[in-house]
Amino acid sequence: MPAFDPWTPYRDLRFAGTREHPEHGPCFIAEGRILVEDLLASAARGGPRIVSVAATTAAAKALAGRLPEGTELLTAEPAALSDLAGFPFHRGLMACAVVPPSPPREALRAARRLLVLPRLYDSENLGLLLRSAAALGLDGVLAGPGPGLWSRRTVRVSMGAVWRVPVWREEDPWPALSGWRAAGPDSEIVAAALVPGAEDARAWTPASRCALVMGSEDTGLDPAQLAHCDRAVAIPMASGMDSLNVAAAGAILMFRMGDPGTPGR
């Protein structure tokens with residue numbers, strides 16, 4: 001068997017998902033100085049294991065003494081990195097890290113503030129929702145089918161939230177959500193939906209244990225999905241607009257879910 005080329009995970013990245021490493025299994029790519037530095041800090045706290053860092057010669061100098069033990073440093077000139085990635089790459093740094101294991105199911109049942117995404121189609125929306133969930137202090141995200149959680153674009157748009165906030169992925173998330181509700185008598189599942197009878201988000205007071213369910217980009221939540229929810233909440237529209245992008249709506253509603261009694265949430 002030929003020796004593994006350590007540059008292989010960084011090739012043709014434009015639409016890249018996870019990359020299979022012969023020794024470490026599924027890996028993901030983080031790109032750009034800010035994201036790689038955040039990944040390095042996370043690894044130092046026991047986060048994802050970093051296999052290698054690819055850097056321009058200039059950027060590599062700033063990494064002296066900062067790489068975890070066993071991490072390989074690969075260097076190349078900017079033009080060579082762009083050729084490798086398959087697009088003009090000006091951020092100087094990339095990293096290949098091992099996809100971490102899924103968080104334990106017990107942590108899902110213990111979550112007080114949960115975002116539920118039964119079906120998404122766009123990796124940028126997924127990344128933005130993960131970023132908002134992490135920034136606004138949610139305890140985790142329960143996701144159904146959709147774009148790759150560790151794809152290059154999801155990781156980049158999430159700005160590291162993908163390794164900051166617990167994410168449970170299920171082919172059918174509803175049984176897991178039912179288990180979450182059963183774990184606490186004060187649990188409530190709330191649909192984000194512009195349907196008759198939906199509560200105005202400006203007056204919405206989330207329950208002490210609240211799961212917010214966001215629908216898909218094209219059709220939102222269908223009647224069968226709404227039947228799993230205890231009530232619906234909607235953001236009033238103005239200027240003739242019929243709805244918001246799912247990531248924008250999710251950020252607004254997750255802000256409403258924040259606990260003012262907990263600093264940093």
# chains A, B, ... in the order shown; residues from 1 in each chain; ligands from 1
$ residues_around --residues "region 148-155 of chain A" --least-positions-apart "5" --cutoff "12 Å" --atoms "only C-alpha atoms" --output "NGL selection string"
:A and (9-19 or 26-32 or 35-36 or 38-39 or 48 or 85 or 94-102 or 119-131 or 141-143 or 160-170)
$ residues_around --residues "region 110-116 of chain A" --least-positions-apart "6" --cutoff "7 Å" --atoms "only C-alpha atoms" --output "list in words"
Leu138, Asp139, Gly140, Val141, Leu142, Ala143, Ser208, Arg209, Cys210, Ala211, Leu212, Val213 and Met214 of chain A
$ residues_around --residues "region 226-233 of chain A" --least-positions-apart "6" --cutoff "9 Å" --atoms "only C-alpha atoms" --output "PyMOL selection string"
chain A and resi 174+178+188-201+204+213+253
$ residues_around --residues "Arg109 (chain A)" --least-positions-apart "3" --cutoff "7 Å" --atoms "only C-alpha atoms" --output "number ranges by chain"
A: 105-106, 179-180, 183
$ closest_residue --among "A:Pro6, A:Glu217, A:Gly46, A:Glu171" --to "Leu73 (chain A)" --atoms "only C-alpha atoms"
A:Pro6
$ select_by_dssp --residues "region 16-208 of chain A" --states "strand (DSSP E)" --output "PyMOL selection string"
chain A and resi 19-21+25-31+50-56+72-76+93-98+113-117+140-143+167-169+187-192+199-200
$ closest_residue --among "A:Ala207, A:Glu23, A:Ser239, A:Ala44" --to "Gly184 (chain A)" --atoms "only C-alpha atoms"
A:Ala207
$ select_by_dssp --residues "region 164-206 of chain A" --states "helix (DSSP H, G or I)" --output "PyMOL selection string"
chain A and resi 173-182+201-203
$ write_last_selection --atoms "N, CA, C and O atoms" --output "mmCIF file, in the first residue's frame"
data_model
loop_
_atom_site.group_PDB
_atom_site.id
_atom_site.type_symbol
_atom_site.label_atom_id
_atom_site.label_comp_id
_atom_site.auth_asym_id
_atom_site.auth_seq_id
_atom_site.Cartn_x
_atom_site.Cartn_y
_atom_site.Cartn_z
ATOM 1 N N PRO A 173 -35.366 12.532 14.275
ATOM 2 C CA PRO A 173 -35.104 13.169 15.562
ATOM 3 C C PRO A 173 -36.280 13.148 16.531
ATOM 4 O O PRO A 173 -36.106 13.426 17.720
ATOM 5 N N TRP A 174 -37.490 12.782 16.054
ATOM 6 C CA TRP A 174 -38.670 12.913 16.909
ATOM 7 C C TRP A 174 -38.671 11.958 18.101
ATOM 8 O O TRP A 174 -39.046 12.369 19.214
ATOM 9 N N PRO A 175 -38.263 10.699 17.973
ATOM 10 C CA PRO A 175 -38.190 9.856 19.175
ATOM 11 C C PRO A 175 -37.220 10.413 20.220
ATOM 12 O O PRO A 175 -37.510 10.369 21.430
ATOM 13 N N ALA A 176 -36.077 10.943 19.765
ATOM 14 C CA ALA A 176 -35.129 11.540 20.706
ATOM 15 C C ALA A 176 -35.736 12.764 21.377
ATOM 16 O O ALA A 176 -35.527 13.006 22.579
ATOM 17 N N LEU A 177 -36.523 13.540 20.623
ATOM 18 C CA LEU A 177 -37.156 14.718 21.206
ATOM 19 C C LEU A 177 -38.223 14.312 22.208
ATOM 20 O O LEU A 177 -38.390 14.961 23.255
ATOM 21 N N SER A 178 -38.944 13.241 21.916
ATOM 22 C CA SER A 178 -39.937 12.738 22.881
ATOM 23 C C SER A 178 -39.245 12.299 24.173
ATOM 24 O O SER A 178 -39.753 12.534 25.275
ATOM 25 N N GLY A 179 -38.075 11.651 24.048
ATOM 26 C CA GLY A 179 -37.320 11.270 25.232
ATOM 27 C C GLY A 179 -36.861 12.474 26.019
ATOM 28 O O GLY A 179 -36.850 12.452 27.261
ATOM 29 N N TRP A 180 -36.478 13.534 25.314
ATOM 30 C CA TRP A 180 -36.099 14.781 25.999
ATOM 31 C C TRP A 180 -37.280 15.340 26.783
ATOM 32 O O TRP A 180 -37.133 15.743 27.944
ATOM 33 N N ARG A 181 -38.468 15.369 26.163
ATOM 34 C CA ARG A 181 -39.637 15.919 26.848
ATOM 35 C C ARG A 181 -39.989 15.090 28.083
ATOM 36 O O ARG A 181 -40.313 15.639 29.132
ATOM 37 N N ALA A 182 -39.865 13.776 27.981
ATOM 38 C CA ALA A 182 -40.210 12.912 29.107
ATOM 39 C C ALA A 182 -39.240 13.057 30.269
ATOM 40 O O ALA A 182 -39.580 12.706 31.406
ATOM 41 N N ALA A 201 -43.927 36.392 18.771
ATOM 42 C CA ALA A 201 -42.633 36.157 19.409
ATOM 43 C C ALA A 201 -42.269 37.256 20.393
ATOM 44 O O ALA A 201 -41.524 37.017 21.351
ATOM 45 N N ARG A 202 -42.800 38.452 20.195
ATOM 46 C CA ARG A 202 -42.465 39.557 21.098
ATOM 47 C C ARG A 202 -43.060 39.360 22.485
ATOM 48 O O ARG A 202 -42.570 39.921 23.465
ATOM 49 N N ALA A 203 -44.115 38.558 22.574
ATOM 50 C CA ALA A 203 -44.761 38.301 23.862
ATOM 51 C C ALA A 203 -44.465 36.903 24.387
ATOM 52 O O ALA A 203 -44.966 36.514 25.446
#
$ closest_residue --among "A:Ala224, A:Leu74, A:Leu40, A:Ala238" --to "Pro118 (chain A)" --atoms "only C-alpha atoms"
A:Ala224
